[in-house]
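Below is query13.pdb, which holds PDB, C-alpha atoms.
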```
ATOM      1  CA  MET F   2      -5.628   1.775   5.762
ATOM      2  CA  SER F   3      -3.103   2.898   3.183
ATOM      3  CA  ILE F   4       0.655   2.920   3.575
ATOM      4  CA  THR F   5       2.368   6.232   4.257
ATOM      5  CA  ALA F   6       5.053   7.428   1.868
ATOM      6  CA  ASP F   7       7.735   7.082   4.547
ATOM      7  CA  LYS F   8       6.716   3.495   5.301
ATOM      8  CA  LYS F   9       6.726   2.657   1.598
ATOM      9  CA  LYS F  10      10.218   4.139   1.153
ATOM     10  CA  SER F  11      11.533   2.106   4.065
ATOM     11  CA  LEU F  12       9.965  -1.081   2.662
ATOM     12  CA  ILE F  13      11.564  -0.402  -0.712
ATOM     13  CA  SER F  14      14.997   0.332   0.744
ATOM     14  CA  ASP F  15      14.882  -2.792   2.937
ATOM     15  CA  ASN F  16      13.978  -5.110   0.051
ATOM     16  CA  GLN F  17      15.584  -3.656  -3.072
ATOM     17  CA  ASN F  18      18.284  -5.540  -4.962
ATOM     18  CA  SER F  19      20.046  -2.426  -6.270
ATOM     19  CA  LYS F  20      19.946   1.321  -5.659
ATOM     20  CA  ASN F  21      17.202   2.115  -8.196
ATOM     21  CA  ASP F  22      15.202  -1.085  -7.736
ATOM     22  CA  THR F  23      11.566  -0.294  -6.952
ATOM     23  CA  GLY F  24       9.679  -2.928  -8.918
ATOM     24  CA  SER F  25      11.347  -6.259  -8.245
ATOM     25  CA  PRO F  26       9.104  -9.040  -6.951
ATOM     26  CA  GLU F  27      10.716  -8.804  -3.511
ATOM     27  CA  VAL F  28       9.777  -5.122  -3.200
ATOM     28  CA  GLN F  29       6.270  -5.713  -4.522
ATOM     29  CA  ILE F  30       5.726  -8.577  -2.077
ATOM     30  CA  ALA F  31       6.916  -6.445   0.849
ATOM     31  CA  ILE F  32       4.504  -3.635  -0.044
ATOM     32  CA  LEU F  33       1.621  -6.049  -0.610
ATOM     33  CA  THR F  34       2.336  -7.768   2.712
ATOM     34  CA  GLU F  35       2.124  -4.444   4.542
ATOM     35  CA  ARG F  36      -1.150  -3.558   2.806
ATOM     36  CA  ILE F  37      -2.555  -7.011   3.583
ATOM     37  CA  SER F  38      -1.705  -6.688   7.267
ATOM     38  CA  ASN F  39      -3.374  -3.253   7.406
ATOM     39  CA  LEU F  40      -6.532  -4.583   5.762
ATOM     40  CA  SER F  41      -6.523  -7.646   8.020
ATOM     41  CA  GLU F  42      -6.587  -5.386  11.076
ATOM     42  CA  HIS F  43      -9.483  -3.454   9.537
ATOM     43  CA  MET F  44     -11.363  -6.698   8.869
ATOM     44  CA  GLN F  45     -10.967  -7.747  12.514
ATOM     45  CA  LYS F  46     -12.967  -4.671  13.534
ATOM     46  CA  HIS F  47     -15.413  -4.579  10.608
ATOM     47  CA  LYS F  48     -16.299  -8.171   9.837
ATOM     48  CA  LYS F  49     -19.168  -7.320   7.471
ATOM     49  CA  ASP F  50     -17.205  -4.955   5.219
ATOM     50  CA  LEU F  51     -17.476  -7.048   2.077
ATOM     51  CA  SER F  52     -15.844  -4.583  -0.316
ATOM     52  CA  THR F  53     -12.713  -4.505   1.841
ATOM     53  CA  ARG F  54     -12.785  -8.296   2.016
ATOM     54  CA  ARG F  55     -12.854  -8.481  -1.768
ATOM     55  CA  GLY F  56      -9.920  -6.069  -2.007
ATOM     56  CA  LEU F  57      -8.010  -8.063   0.591
ATOM     57  CA  LEU F  58      -8.515 -11.300  -1.328
ATOM     58  CA  THR F  59      -7.346  -9.569  -4.517
ATOM     59  CA  LEU F  60      -4.133  -8.427  -2.814
ATOM     60  CA  VAL F  61      -3.511 -11.908  -1.400
ATOM     61  CA  ALA F  62      -3.968 -13.425  -4.868
ATOM     62  CA  ARG F  63      -1.572 -10.886  -6.400
ATOM     63  CA  ARG F  64       1.053 -11.649  -3.748
ATOM     64  CA  ARG F  65       0.565 -15.396  -4.289
ATOM     65  CA  LYS F  66       1.211 -14.979  -8.031
ATOM     66  CA  LEU F  67       4.444 -13.101  -7.341
ATOM     67  CA  LEU F  68       5.523 -15.748  -4.829
ATOM     68  CA  ASP F  69       4.773 -18.519  -7.332
ATOM     69  CA  TYR F  70       6.890 -16.704  -9.922
ATOM     70  CA  ILE F  71       9.844 -16.394  -7.541
ATOM     71  CA  ARG F  72       9.464 -20.015  -6.475
ATOM     72  CA  GLY F  73       9.762 -21.087 -10.116
ATOM     73  CA  VAL F  74      12.824 -18.935 -10.718
ATOM     74  CA  GLU F  75      14.797 -19.595  -7.539
ATOM     75  CA  GLU F  76      13.627 -21.646  -4.554
ATOM     76  CA  LYS F  77      16.109 -20.087  -2.110
ATOM     77  CA  ARG F  78      14.812 -16.550  -2.783
ATOM     78  CA  TYR F  79      11.295 -17.843  -2.199
ATOM     79  CA  GLN F  80      12.230 -19.396   1.150
ATOM     80  CA  ASP F  81      14.058 -16.224   2.238
ATOM     81  CA  ILE F  82      11.071 -14.009   1.415
ATOM     82  CA  ILE F  83       8.616 -16.265   3.234
ATOM     83  CA  LYS F  84      10.848 -16.349   6.295
ATOM     84  CA  LYS F  85      11.502 -12.594   6.265
ATOM     85  CA  HIS F  86       7.845 -11.571   6.005
ATOM     86  CA  GLY F  87       6.308 -14.425   7.980
ATOM     87  CA  ILE F  88       4.099 -15.615   5.123
ATOM     88  CA  ARG F  89       2.471 -19.018   5.252
ATOM     89  CA  LYS F  90       3.218 -21.361   2.366
TER      90      LYS F  90
END
```
Spit out the file's structure as structure tokens when you get a sec.
Amino acid sequence: MSITADKKKSLISDNQNSKNDTGSPEVQIAILTERISNLSEHMQKHKKDLSTRRGLLTLVARRRKLLDYIRGVEEKRYQDIIKKHGIRK
């Protein structure tokens, strides 16, 4: 269910704005998207796992807040992120 360290490093390197960038909204959204997809697969198998469902909804809300922030700052960045990660509006 969790992301491996190698996967996390590759997500960071693919989405960072500079060499030492690990906390920009783009990186955070990429990591959250990966975690959300992992939990979504788990929920397909275990439909009655309510604690996982709650955690999944929390992650989706956190990602939505970051996306709303980016949308307010720069619309083009927002559109690029949505397209890159396949996120619905």
Practice item. Apply the PyMOL selection byres ((chain F and resi 36-44) around 12) to the structure shown and report the selected residues as an MDAnalysis selection string. Key: chainID F and resid 2:5 8:9 12 29:35 45:65 86:88
Practice item. Tell me, in Å to one decimal, how far atom CA of Lys90 of chain F is from atom CA of Asp69 of chain F. Key: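 According to the coordinates, atom CA of Lys90 of chain F and atom CA of Asp69 of chain F are separated by 10.2 Å.
Between atom CA of Arg89 of chain F and atom CA of Asp7 of chain F lies a distance of 26.6 Å.
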Exercise for review: Within 9 Å of Tyr70 of chain F, counting all atoms listed in the file, which residues show up once you throw out same-chain ones fewer than 4 positions away? Write them as a VMD selection string, please.
Suggested key: chain F and resid 26 65 to 66 74 to 75 79
Write the selection just made, keeping C-alpha atoms, as a short mmCIF file (atom, residue, chain, number, x, y, z; two decimals), in the frame of the given file?
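The file below, again_0.cif, is the result:
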```
data_model
loop_
_atom_site.label_atom_id
_atom_site.label_comp_id
_atom_site.auth_asym_id
_atom_site.auth_seq_id
_atom_site.Cartn_x
_atom_site.Cartn_y
_atom_site.Cartn_z
CA PRO F 26 9.10 -9.04 -6.95
CA ARG F 65 0.56 -15.40 -4.29
CA LYS F 66 1.21 -14.98 -8.03
CA VAL F 74 12.82 -18.93 -10.72
CA GLU F 75 14.80 -19.60 -7.54
CA TYR F 79 11.30 -17.84 -2.20
#
```
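Of note, atom CA of Ile71 of chain F and atom CA of Val28 of chain F are spaced 12.1 Å apart.
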Exercise for review: Scan for residues within 9 Å of the point (12.7, -0.6, -3.4) in the coordinates of the file, using only C-alpha atoms, and reply as a ChimeraX atom specification.
Suggested key: /F:9-25,27-29
Padded axis-aligned box of segment 39-56 of chain F (3 Å per side), centre and edge lengths, Å, one decimal, as lines of an AutoDock Vina configuration file:
```
center_x = -11.3
center_y = -5.9
center_z = 5.8
size_x = 21.8
size_y = 11.2
size_z = 21.5
```
